[in-house]
$ cat work23.txt   # compact mmCIF, C-alpha atoms
# COMPACT_ATOMS: atom_id res chain seq x y z
CA MET A 1 9.05 -6.93 25.13
CA SER A 2 8.80 -10.76 25.33
CA PHE A 3 11.81 -13.00 24.94
CA PRO A 4 10.83 -14.38 21.48
CA ALA A 5 10.30 -10.84 20.28
CA ARG A 6 13.75 -9.90 21.54
CA ILE A 7 15.27 -12.88 19.73
CA VAL A 8 13.56 -11.84 16.50
CA ALA A 9 14.71 -8.24 16.91
CA ALA A 10 18.29 -9.41 17.56
CA ALA A 11 18.21 -11.62 14.46
CA VAL A 12 17.00 -8.71 12.32
CA TRP A 13 19.78 -6.52 13.69
CA ILE A 14 22.45 -9.15 12.98
CA LYS A 15 21.12 -9.60 9.43
CA SER A 16 21.29 -5.86 8.83
CA ASN A 17 24.71 -5.53 10.48
CA PHE A 18 26.37 -8.83 9.49
CA GLU A 19 29.90 -7.46 9.10
CA SER A 20 29.79 -5.61 12.38
CA ALA A 21 28.54 -8.75 14.12
CA ILE A 22 31.46 -10.80 12.72
CA ALA A 23 33.94 -8.14 13.80
CA ILE A 24 32.52 -8.18 17.33
CA VAL A 25 32.66 -11.99 17.49
CA LEU A 26 36.25 -12.05 16.26
CA ALA A 27 37.31 -9.34 18.67
CA VAL A 28 35.72 -11.14 21.62
CA THR A 29 37.17 -14.49 20.54
CA LEU A 30 40.68 -13.14 20.14
CA SER A 31 40.50 -11.37 23.47
CA VAL A 32 39.45 -14.61 25.21
CA LEU A 33 42.13 -16.62 23.46
CA GLY A 34 44.77 -14.04 24.36
CA LEU A 35 43.83 -14.32 28.01
CA VAL A 36 43.49 -18.09 28.11
CA ASP A 37 46.49 -19.10 25.99
CA PRO A 38 49.17 -16.47 25.68
CA THR A 39 51.24 -18.90 23.52
CA ARG A 40 48.90 -18.33 20.58
CA GLN A 41 50.23 -14.84 19.86
CA GLU A 42 51.18 -15.80 16.33
CA LEU A 43 47.59 -16.83 15.63
CA LEU A 44 46.32 -13.66 17.13
CA THR A 45 48.71 -11.62 15.04
CA LYS A 46 47.40 -13.28 11.89
CA VAL A 47 43.76 -12.90 12.82
CA ILE A 48 43.96 -9.21 13.74
CA PRO A 49 44.29 -8.05 10.09
CA LEU A 50 41.28 -10.18 9.24
CA THR A 51 39.31 -8.52 11.99
CA LEU A 52 40.41 -5.09 10.88
CA GLY A 53 39.46 -5.99 7.31
CA VAL A 54 36.01 -7.04 8.40
CA ILE A 55 35.64 -3.78 10.33
CA ALA A 56 36.90 -1.79 7.34
CA PHE A 57 34.48 -3.62 5.04
CA ALA A 58 31.62 -2.84 7.44
CA VAL A 59 32.61 0.83 7.50
CA LEU A 60 32.87 0.94 3.71
CA ARG A 61 29.54 -0.80 3.31
CA ASP A 62 27.92 1.71 5.67
CA ARG A 63 29.49 4.47 3.62
CA TRP A 64 28.18 2.89 0.41
CA ARG A 65 24.78 2.60 1.96
CA GLN A 66 24.96 6.23 3.07
CA GLU A 67 26.05 7.36 -0.39
CA ALA A 68 23.33 5.29 -1.99
CA MET A 69 20.82 6.77 0.44
CA ASN A 70 22.14 10.27 -0.25
CA ALA A 71 21.86 9.65 -3.98
CA GLN A 72 18.31 8.40 -3.48
CA VAL A 73 17.49 11.44 -1.37
CA ARG A 74 18.99 13.73 -4.01
CA GLN A 75 17.00 11.94 -6.71
CA SER A 76 13.85 12.24 -4.61
CA LEU A 77 14.50 15.95 -4.08
CA THR A 78 15.11 16.34 -7.82
CA ASP A 79 11.87 14.49 -8.56
CA ILE A 80 10.01 16.64 -6.03
CA ALA A 81 11.47 19.81 -7.55
CA HIS A 82 10.46 18.60 -11.02
CA THR A 83 6.98 17.79 -9.77
CA LEU A 84 6.69 21.22 -8.15
CA ASP A 85 7.81 22.83 -11.40
CA GLU A 86 5.16 20.86 -13.26
CA LEU A 87 2.57 21.87 -10.67
CA ASN A 88 3.61 25.51 -11.03
CA ASP A 89 3.40 25.20 -14.81
CA ARG A 90 -0.04 23.63 -14.51
CA ARG A 91 -1.11 26.34 -12.08
CA ASP A 92 0.12 29.00 -14.49
CA ARG A 93 -1.69 27.29 -17.35
CA ALA A 94 -4.83 26.96 -15.21
CA SER A 95 -4.55 30.64 -14.31
CA ALA A 96 -4.14 31.52 -17.98
CA ILE A 97 -7.11 29.35 -18.88
CA ASP A 98 -9.16 30.96 -16.12
CA GLU A 99 -8.24 34.41 -17.41
CA LEU A 100 -9.11 33.29 -20.93
CA LEU A 101 -12.47 31.95 -19.77
CA THR A 102 -13.18 35.17 -17.89
CA SER A 103 -12.24 37.24 -20.92
CA THR A 104 -14.35 34.98 -23.14
CA GLN A 105 -17.31 35.34 -20.80
CA ARG A 106 -16.97 39.11 -20.86
CA THR A 107 -16.82 39.01 -24.63
CA LEU A 108 -19.89 36.79 -24.81
CA ASP A 109 -21.72 39.10 -22.39
CA SER A 110 -20.84 42.07 -24.55
CA LEU A 111 -22.08 40.20 -27.59
CA SER A 112 -25.35 39.31 -25.86
CA ALA A 113 -27.05 42.20 -27.55
CA VAL A 114 -30.52 41.23 -26.39
CA ARG A 115 -31.86 39.81 -23.16
CA PHE A 116 -35.42 38.85 -22.43
CA ALA A 117 -37.71 39.56 -19.51
CA LYS A 118 -41.26 38.87 -18.45
CA GLY A 119 -43.82 40.19 -15.99
CA ASP A 120 -42.50 42.21 -13.06
CA GLU A 121 -38.99 42.20 -14.48
CA VAL A 122 -40.23 44.25 -17.43
CA SER A 123 -41.80 46.77 -15.06
CA ASP A 124 -38.53 46.94 -13.10
CA VAL A 125 -36.50 47.60 -16.25
CA LEU A 126 -38.94 50.28 -17.38
CA ALA A 127 -38.61 51.91 -13.95
CA GLN A 128 -34.81 51.79 -14.23
CA ALA A 129 -35.06 53.27 -17.72
CA ARG A 130 -37.01 56.25 -16.35
CA THR A 131 -34.38 56.92 -13.67
CA GLU A 132 -32.09 59.82 -14.55
CA THR A 133 -32.95 59.74 -18.25
CA ASP A 134 -33.05 62.99 -20.19
CA ARG A 135 -34.96 61.55 -23.16
CA TRP A 136 -37.71 59.13 -24.04
CA ILE A 137 -38.50 57.93 -27.52
CA PHE A 138 -41.66 55.90 -27.96
CA LYS A 139 -43.11 54.16 -30.96
CA GLY A 140 -46.29 52.13 -30.63
CA GLY A 141 -50.05 52.21 -30.66
CA THR A 142 -52.01 54.59 -28.47
CA GLY A 143 -49.27 55.50 -26.00
CA ALA A 144 -51.49 54.85 -22.97
CA HIS A 145 -48.70 53.61 -20.68
CA THR A 146 -46.44 56.45 -21.81
CA ARG A 147 -49.20 58.93 -21.04
CA VAL A 148 -50.14 57.56 -17.62
CA VAL A 149 -46.76 56.37 -16.26
CA THR A 150 -43.72 57.36 -18.28
CA LEU A 151 -44.34 61.02 -19.06
CA PRO A 152 -45.46 62.10 -15.55
CA ASP A 153 -42.64 60.16 -13.87
CA CYS A 154 -39.92 61.48 -16.18
CA LEU A 155 -41.26 65.03 -15.89
CA HIS A 156 -41.28 64.80 -12.11
CA ARG A 157 -37.62 63.77 -12.12
CA ALA A 158 -36.69 66.44 -14.69
CA HIS A 159 -38.41 69.15 -12.65
CA ARG A 160 -36.76 67.98 -9.44
CA ASN A 161 -33.30 67.97 -11.04
CA ARG A 162 -33.88 71.08 -13.17
CA ARG A 163 -32.98 69.40 -16.45
CA GLU A 164 -34.54 69.27 -19.89
CA LEU A 165 -36.55 66.25 -20.98
CA LEU A 166 -36.73 65.36 -24.66
CA VAL A 167 -39.74 63.26 -25.67
CA ARG A 168 -40.63 61.87 -29.07
CA LEU A 169 -43.88 59.96 -29.44
CA GLU A 170 -44.83 58.11 -32.61
CA ILE A 171 -48.41 56.92 -32.25
CA LEU A 172 -51.43 56.06 -34.38
CA ASP A 173 -53.17 58.77 -36.37
CA PRO A 174 -56.50 59.24 -34.54
CA THR A 175 -58.05 61.05 -37.49
CA ASP A 176 -57.79 57.87 -39.55
CA ARG A 177 -60.84 55.86 -38.44
CA ASP A 178 -60.00 52.96 -40.74
CA LEU A 179 -56.49 52.72 -39.26
CA CYS A 180 -57.86 52.67 -35.72
CA SER A 181 -60.42 50.08 -36.76
CA ARG A 182 -57.67 47.81 -38.12
CA TYR A 183 -55.66 48.29 -34.95
CA ALA A 184 -58.65 47.36 -32.77
CA ALA A 185 -59.46 44.37 -34.98
CA LEU A 186 -55.87 43.12 -34.67
CA TYR A 187 -55.99 43.17 -30.91
CA ARG A 188 -59.43 41.60 -30.77
CA SER A 189 -58.02 38.73 -32.81
CA LEU A 190 -55.28 38.28 -30.19
CA ALA A 191 -57.68 38.10 -27.25
CA GLU A 192 -56.98 35.22 -24.88
CA GLY A 193 -60.10 33.87 -23.22
CA ALA A 194 -63.60 35.20 -22.82
CA ASP A 195 -62.58 37.68 -20.09
CA ASP A 196 -59.81 39.33 -22.07
CA ASP A 197 -60.88 42.96 -22.51
CA ALA A 198 -59.09 43.07 -25.86
CA ARG A 199 -62.42 41.72 -27.12
CA THR A 200 -63.99 45.10 -26.28
CA TRP A 201 -61.62 47.16 -28.40
CA THR A 202 -63.27 49.47 -30.92
CA ALA A 203 -62.08 52.00 -33.47
CA LYS A 204 -63.62 54.84 -31.47
CA GLY A 205 -62.07 53.64 -28.22
CA THR A 206 -58.67 53.58 -29.92
CA GLN A 207 -59.20 57.12 -31.19
CA ILE A 208 -60.10 58.33 -27.70
CA GLU A 209 -56.91 56.80 -26.28
CA VAL A 210 -54.72 58.51 -28.88
CA TYR A 211 -56.48 61.87 -28.49
CA ALA A 212 -55.97 61.57 -24.74
CA THR A 213 -52.22 61.02 -25.21
CA ILE A 214 -51.97 64.12 -27.41
CA ALA A 215 -54.03 66.21 -24.98
CA ALA A 216 -51.82 65.13 -22.06
CA ALA A 217 -48.67 66.08 -23.99
CA CYS A 218 -50.06 69.55 -24.72
CA TRP A 219 -51.15 70.06 -21.13
CA HIS A 220 -47.70 69.14 -19.77
CA LYS A 221 -46.02 71.32 -22.37
CA GLN A 222 -47.97 74.34 -21.12
CA ARG A 223 -46.97 73.64 -17.50
CA LEU A 224 -43.25 73.06 -18.14
CA PRO A 225 -42.40 74.82 -21.42
CA GLN A 226 -38.73 75.32 -20.50
CA LEU A 227 -38.11 71.73 -19.40
CA LEU A 228 -40.24 69.69 -21.77
CA ASP A 229 -39.21 69.38 -25.39
CA ILE A 230 -41.94 67.14 -26.77
CA GLN A 231 -42.94 66.27 -30.31
CA ILE A 232 -45.55 63.86 -31.61
CA GLY A 233 -45.64 62.08 -34.93
CA LEU A 234 -48.65 60.21 -36.31
CA THR A 235 -48.13 56.93 -38.13
CA SER A 236 -50.40 55.04 -40.49
CA SER A 237 -48.78 51.68 -39.71
CA VAL A 238 -50.22 49.05 -37.39
CA SER A 239 -47.75 47.02 -35.35
CA LEU A 240 -47.84 44.57 -32.47
CA PHE A 241 -44.63 45.97 -31.05
CA ARG A 242 -43.91 48.97 -28.84
CA TRP A 243 -40.49 50.58 -28.54
CA ASP A 244 -39.38 52.57 -25.48
CA LEU A 245 -35.90 54.08 -25.59
CA SER A 246 -34.20 55.99 -22.78
CA THR A 247 -30.57 57.00 -22.31
CA ARG A 248 -29.92 53.59 -20.77
CA PHE A 249 -32.27 51.01 -22.30
CA LEU A 250 -34.25 50.08 -25.35
CA ILE A 251 -37.27 47.98 -24.34
CA VAL A 252 -39.34 46.30 -27.02
CA THR A 253 -42.67 44.89 -25.82
CA GLN A 254 -45.81 43.48 -27.30
CA ARG A 255 -49.27 42.73 -26.08
CA GLY A 256 -49.79 40.17 -23.34
CA PRO A 257 -47.66 38.78 -20.48
CA ARG A 258 -46.93 35.57 -22.40
CA PHE A 259 -44.58 37.42 -24.71
CA PRO A 260 -41.21 38.39 -23.24
CA ALA A 261 -39.84 41.88 -23.68
CA MET A 262 -36.55 42.39 -25.50
CA ILE A 263 -34.09 44.58 -23.62
CA ILE A 264 -31.01 46.17 -25.14
CA GLU A 265 -28.71 48.23 -22.95
CA ARG A 266 -26.76 51.23 -24.13
CA ASP A 267 -23.26 50.52 -25.49
CA ARG A 268 -24.44 47.09 -26.62
CA PRO A 269 -24.82 46.20 -30.28
CA TYR A 270 -28.05 47.41 -31.89
CA TYR A 271 -28.88 50.11 -29.32
CA ASP A 272 -27.54 52.87 -31.55
CA SER A 273 -28.95 51.18 -34.64
CA TRP A 274 -32.43 51.12 -33.15
CA ASN A 275 -32.00 54.70 -31.97
CA ILE A 276 -31.33 55.75 -35.56
CA GLU A 277 -34.20 53.58 -36.79
CA LEU A 278 -36.67 55.16 -34.36
CA ARG A 279 -35.53 58.67 -35.23
CA THR A 280 -35.82 57.89 -38.93
CA SER A 281 -39.29 56.44 -38.49
CA PHE A 282 -40.36 59.47 -36.45
CA ALA A 283 -39.06 61.84 -39.14
CA GLU A 284 -41.27 60.09 -41.69
CA SER A 285 -44.42 60.32 -39.57
CA ARG A 286 -46.96 63.14 -39.81
CA PRO A 287 -46.03 65.77 -37.22
CA VAL A 288 -48.51 67.24 -34.77
CA ALA A 289 -48.14 71.02 -34.56
CA ILE A 290 -47.84 70.83 -30.80
CA ASP A 291 -46.28 74.32 -30.55
CA ARG A 292 -49.68 75.75 -31.48
CA ALA A 293 -51.06 74.30 -28.27
CA THR A 294 -49.47 77.14 -26.29
CA SER A 295 -52.02 79.53 -27.81
CA VAL A 296 -54.93 77.53 -26.36
CA ARG A 297 -55.77 77.89 -22.72
CA LEU A 298 -55.89 74.61 -20.83
CA ASP A 299 -56.98 74.87 -17.20
CA ASP A 300 -55.74 72.48 -14.56
CA GLU A 301 -58.99 70.70 -15.29
CA PRO A 302 -59.66 71.55 -18.94
CA THR A 303 -63.21 72.01 -20.11
CA VAL A 304 -64.82 70.24 -23.03
CA GLU A 305 -64.74 73.48 -25.03
CA GLN A 306 -61.01 73.97 -24.34
CA VAL A 307 -60.19 70.47 -25.54
CA ARG A 308 -62.27 70.85 -28.70
CA ASP A 309 -60.55 74.16 -29.36
CA LEU A 310 -57.16 72.52 -28.75
CA PHE A 311 -57.62 69.88 -31.44
CA ASP A 312 -59.07 72.39 -33.87
CA THR A 313 -55.96 74.53 -33.36
CA LEU A 314 -53.73 71.49 -33.94
CA GLY A 315 -55.48 70.93 -37.25
CA MET A 316 -56.94 67.61 -36.23
CA GLY A 317 -60.46 68.42 -35.09
CA LEU A 318 -62.41 65.75 -33.22
CA PRO A 319 -64.71 63.53 -35.30
CA GLY A 320 -68.31 64.68 -35.68
CA ASP A 321 -69.65 61.70 -33.73
CA PHE A 322 -67.64 62.64 -30.62
CA ASP A 323 -70.16 64.08 -28.15
CA ASP A 324 -69.34 65.85 -24.90
CA ALA A 325 -69.21 62.55 -23.01
CA ASP A 326 -66.49 61.35 -25.36
CA VAL A 327 -64.53 64.56 -24.88
CA THR A 328 -64.91 64.22 -21.12
CA ASP A 329 -63.54 60.68 -21.47
CA ILE A 330 -60.52 62.10 -23.30
CA ILE A 331 -59.91 64.61 -20.47
CA THR A 332 -60.24 61.93 -17.81
CA LYS A 333 -57.83 59.58 -19.55
CA ALA A 334 -55.37 62.39 -20.27
CA LEU A 335 -55.07 63.89 -16.79
CA GLN A 336 -57.01 62.03 -14.14
CA ASP A 337 -56.07 58.42 -14.76
CA HIS A 338 -53.22 57.62 -12.39
CA ASP A 339 -53.70 53.87 -12.45
CA ARG A 340 -50.38 52.32 -13.54
CA ALA A 341 -52.34 49.28 -14.75
CA VAL A 342 -54.36 51.51 -17.07
CA ARG A 343 -56.52 49.58 -19.51
CA GLY A 344 -56.41 51.54 -22.73
CA ALA A 345 -59.00 50.40 -25.28
CA GLY A 346 -58.49 46.88 -23.99
CA ASP A 347 -54.74 46.79 -23.33
CA THR A 348 -52.62 47.55 -20.29
CA ALA A 349 -49.93 49.36 -22.24
CA ALA A 350 -51.17 50.06 -25.71
$ encode --input "work23.txt" --output "structure tokens"
Amino acid sequence: MSFPARIVAAAVWIKSNFESAIAIVLAVTLSVLGLVDPTRQELLTKVIPLTLGVIAFAVLRDRWRQEAMNAQVRQSLTDIAHTLDELNDRRDRASAIDELLTSTQRTLDSLSAVRFAKGDEVSDVLAQARTETDRWIFKGGTGAHTRVVTLPDCLHRAHRNRRELLVRLEILDPTDRDLCSRYAALYRSLAEGADDDARTWTAKGTQIEVYATIAAACWHKQRLPQLLDIQIGLTSSVSLFRWDLSTRFLIVTQRGPRFPAMIIERDRPYYDSWNIELRTSFAESRPVAIDRATSVRLDDEPTVEQVRDLFDTLGMGLPGDFDDADVTDIITKALQDHDRAVRGAGDTAA
């Protein structure tokens, strides 16, 4: 340290310790005077109390400073403790708010009765719906997707797990040519672009699709009579929507990928309401006497004669303008079409 710096440091020390410095100066001065001039004892005797007073004042001031510092430290500790208490209170409030937000989110999720999906997500949900379900309720048009994908897949799982499968299908009445014509006209009017095969829909094509769905149901019923509990109801109403209900999901779809599907999970609002609605609607439809189908022989590859005999037995004989080629088309669509992107009378999932 340089000399000026030492001088400055000494001056700071003296300023901070003024009383102690005076006491030291007095003590040194008195000691020198006592040695130099012993005759000044009276002066020394008088100055000693002053020196002791200065020393006592310095000690007291240090004590005051210490007490003041202790009080400041105690106040600081009190302030810190108060701040910590406030922080703990804020943390508790934040935790309570977080729990409230979490609970609110769960409540909102539970109240989200409907979610929407498009494209592949719809296919994924339908696949999930088919997993481990013991029932399938369908209401729609021709039931092509149910015939080609849903029924075979659910039956495969039911057979593998040795459990019953309950199926209820509410589809168009194929004996009502005017109804099928209106259905085809509706979908032609919804065609998007020149290449949309909805433009090719006809009343007869719609009838063939529905007859194929009924034939497939009868064929499966003969193969698995103990596992498959299937009933079919015929409706006279035309709708854009299709309802598929399993033990886990209700999926409501309509024609075309532009329109999102509505998905309602079980234990959410409206699932049970729609379940009751679909059952009520099915009860009001015209039933197909599918139990009579067991009296008609259907080979693994049914013949045209067997299929004609089947529909006569069901009390819904094929129209007079259906030739053998049309009946063969029914057989092919019922049992040999394994394309999951089946195009039924112009739609992928009619």
$ closest_residue --input "work23.txt" --among "A:Val238, A:Ala217, A:Asp79, A:His159" --to "Ala185 (chain A)" --atoms "all atoms listed in the file"
A:Val238
$ residues_around --input "work23.txt" --residues "Ala334 (chain A)" --least-positions-apart "6" --cutoff "7 Å" --atoms "all atoms listed in the file" --output "MDAnalysis selection string"
chainID A and resid 212:213 215:216
$ write_last_selection --input "work23.txt" --atoms "C-alpha atoms" --output "mmCIF file, keeping the file's coordinate frame"
data_model
loop_
_atom_site.group_PDB
_atom_site.id
_atom_site.type_symbol
_atom_site.label_atom_id
_atom_site.label_comp_id
_atom_site.auth_asym_id
_atom_site.auth_seq_id
_atom_site.Cartn_x
_atom_site.Cartn_y
_atom_site.Cartn_z
ATOM 1 C CA ALA A 212 -55.970 61.570 -24.740
ATOM 2 C CA THR A 213 -52.220 61.020 -25.210
ATOM 3 C CA ALA A 215 -54.030 66.210 -24.980
ATOM 4 C CA ALA A 216 -51.820 65.130 -22.060
#
$ residues_around --input "work23.txt" --residues "region 127-138 of chain A" --least-positions-apart "5" --cutoff "7 Å" --atoms "all atoms listed in the file" --output "list in words"
Cys154, Glu164, Leu165, Leu166, Val167, Arg168, Leu169, Glu170, Trp243, Asp244, Leu245, Ser246, Thr247, Arg248 and Phe249 of chain A
$ write_last_selection --input "work23.txt" --atoms "C-alpha atoms" --output "PDB file, keeping the file's coordinate frame"
ATOM      1  CA  CYS A 154     -39.920  61.480 -16.180  1.00  0.00           C
ATOM      2  CA  GLU A 164     -34.540  69.270 -19.890  1.00  0.00           C
ATOM      3  CA  LEU A 165     -36.550  66.250 -20.980  1.00  0.00           C
ATOM      4  CA  LEU A 166     -36.730  65.360 -24.660  1.00  0.00           C
ATOM      5  CA  VAL A 167     -39.740  63.260 -25.670  1.00  0.00           C
ATOM      6  CA  ARG A 168     -40.630  61.870 -29.070  1.00  0.00           C
ATOM      7  CA  LEU A 169     -43.880  59.960 -29.440  1.00  0.00           C
ATOM      8  CA  GLU A 170     -44.830  58.110 -32.610  1.00  0.00           C
ATOM      9  CA  TRP A 243     -40.490  50.580 -28.540  1.00  0.00           C
ATOM     10  CA  ASP A 244     -39.380  52.570 -25.480  1.00  0.00           C
ATOM     11  CA  LEU A 245     -35.900  54.080 -25.590  1.00  0.00           C
ATOM     12  CA  SER A 246     -34.200  55.990 -22.780  1.00  0.00           C
ATOM     13  CA  THR A 247     -30.570  57.000 -22.310  1.00  0.00           C
ATOM     14  CA  ARG A 248     -29.920  53.590 -20.770  1.00  0.00           C
ATOM     15  CA  PHE A 249     -32.270  51.010 -22.300  1.00  0.00           C
TER      16      PHE A 249
END
$ closest_residue --input "work23.txt" --among "A:Thr175, A:Thr294, A:Thr253, A:Thr78" --to "His145 (chain A)" --atoms "only C-alpha atoms"
A:Thr253
$ closest_residue --input "work23.txt" --among "A:Gln226, A:Ala283, A:Ile97, A:Gln207" --to "Tyr183 (chain A)" --atoms "all atoms listed in the file"
A:Gln207
$ closest_residue --input "work23.txt" --among "A:Ser285, A:Cys218, A:Ala117, A:Asp173" --to "Val307 (chain A)" --atoms "only C-alpha atoms"
A:Cys218
$ decode --input "work23.txt" --residues "region 174-182 of chain A" --atoms "all heavy atoms" --output "mmCIF file, in the first residue's frame"
data_model
loop_
_atom_site.group_PDB
_atom_site.id
_atom_site.type_symbol
_atom_site.label_atom_id
_atom_site.label_comp_id
_atom_site.auth_asym_id
_atom_site.auth_seq_id
_atom_site.Cartn_x
_atom_site.Cartn_y
_atom_site.Cartn_z
ATOM 1 N N PRO A 174 -84.684 -50.933 -48.667
ATOM 2 C CA PRO A 174 -84.350 -51.108 -50.088
ATOM 3 C C PRO A 174 -85.558 -51.415 -50.969
ATOM 4 O O PRO A 174 -85.465 -51.338 -52.206
ATOM 5 C CB PRO A 174 -83.378 -52.292 -50.065
ATOM 6 C CG PRO A 174 -83.800 -53.086 -48.871
ATOM 7 C CD PRO A 174 -84.248 -52.077 -47.845
ATOM 8 N N THR A 175 -86.667 -51.760 -50.348
ATOM 9 C CA THR A 175 -87.872 -52.039 -51.147
ATOM 10 C C THR A 175 -88.588 -50.756 -51.556
ATOM 11 O O THR A 175 -89.500 -50.801 -52.385
ATOM 12 C CB THR A 175 -88.847 -52.928 -50.349
ATOM 13 O OG1 THR A 175 -89.316 -52.223 -49.202
ATOM 14 C CG2 THR A 175 -88.154 -54.205 -49.894
ATOM 15 N N ASP A 176 -88.165 -49.640 -50.993
ATOM 16 C CA ASP A 176 -88.779 -48.350 -51.308
ATOM 17 C C ASP A 176 -87.900 -47.651 -52.343
ATOM 18 O O ASP A 176 -86.929 -46.975 -52.004
ATOM 19 C CB ASP A 176 -88.910 -47.507 -50.039
ATOM 20 C CG ASP A 176 -89.712 -46.235 -50.247
ATOM 21 O OD1 ASP A 176 -89.810 -45.781 -51.407
ATOM 22 O OD2 ASP A 176 -90.195 -45.663 -49.247
ATOM 23 N N ARG A 177 -88.241 -47.834 -53.627
ATOM 24 C CA ARG A 177 -87.423 -47.272 -54.708
ATOM 25 C C ARG A 177 -87.403 -45.745 -54.641
ATOM 26 O O ARG A 177 -86.361 -45.130 -54.895
ATOM 27 C CB ARG A 177 -87.953 -47.753 -56.052
ATOM 28 C CG ARG A 177 -87.247 -47.187 -57.281
ATOM 29 C CD ARG A 177 -85.781 -47.632 -57.348
ATOM 30 N NE ARG A 177 -85.671 -49.046 -57.621
ATOM 31 C CZ ARG A 177 -85.561 -49.577 -58.851
ATOM 32 N NH1 ARG A 177 -85.538 -48.787 -59.910
ATOM 33 N NH2 ARG A 177 -85.464 -50.878 -59.002
ATOM 34 N N ASP A 178 -88.535 -45.137 -54.298
ATOM 35 C CA ASP A 178 -88.577 -43.679 -54.229
ATOM 36 C C ASP A 178 -87.649 -43.163 -53.129
ATOM 37 O O ASP A 178 -86.954 -42.153 -53.304
ATOM 38 C CB ASP A 178 -90.013 -43.219 -53.967
ATOM 39 C CG ASP A 178 -90.107 -41.707 -53.885
ATOM 40 O OD1 ASP A 178 -89.853 -41.031 -54.908
ATOM 41 O OD2 ASP A 178 -90.423 -41.181 -52.783
ATOM 42 N N LEU A 179 -87.622 -43.848 -51.986
ATOM 43 C CA LEU A 179 -86.722 -43.463 -50.898
ATOM 44 C C LEU A 179 -85.264 -43.527 -51.351
ATOM 45 O O LEU A 179 -84.485 -42.592 -51.122
ATOM 46 C CB LEU A 179 -86.945 -44.387 -49.696
ATOM 47 C CG LEU A 179 -85.946 -44.248 -48.543
ATOM 48 C CD1 LEU A 179 -86.122 -42.913 -47.834
ATOM 49 C CD2 LEU A 179 -86.122 -45.421 -47.552
ATOM 50 N N CYS A 180 -84.902 -44.620 -51.992
ATOM 51 C CA CYS A 180 -83.520 -44.781 -52.461
ATOM 52 C C CYS A 180 -83.191 -43.750 -53.530
ATOM 53 O O CYS A 180 -82.049 -43.289 -53.625
ATOM 54 C CB CYS A 180 -83.320 -46.203 -52.993
ATOM 55 S SG CYS A 180 -83.436 -47.481 -51.714
ATOM 56 N N SER A 181 -84.178 -43.400 -54.337
ATOM 57 C CA SER A 181 -83.956 -42.370 -55.353
ATOM 58 C C SER A 181 -83.681 -41.019 -54.701
ATOM 59 O O SER A 181 -82.798 -40.275 -55.127
ATOM 60 C CB SER A 181 -85.180 -42.292 -56.268
ATOM 61 O OG SER A 181 -84.998 -41.276 -57.239
ATOM 62 N N ARG A 182 -84.435 -40.687 -53.650
ATOM 63 C CA ARG A 182 -84.219 -39.416 -52.948
ATOM 64 C C ARG A 182 -82.854 -39.400 -52.256
ATOM 65 O O ARG A 182 -82.174 -38.380 -52.219
ATOM 66 C CB ARG A 182 -85.344 -39.192 -51.923
ATOM 67 C CG ARG A 182 -86.664 -38.820 -52.569
ATOM 68 C CD ARG A 182 -87.712 -38.406 -51.536
ATOM 69 N NE ARG A 182 -88.277 -39.548 -50.836
ATOM 70 C CZ ARG A 182 -88.123 -39.796 -49.543
ATOM 71 N NH1 ARG A 182 -87.383 -38.965 -48.813
ATOM 72 N NH2 ARG A 182 -88.702 -40.837 -48.992
#
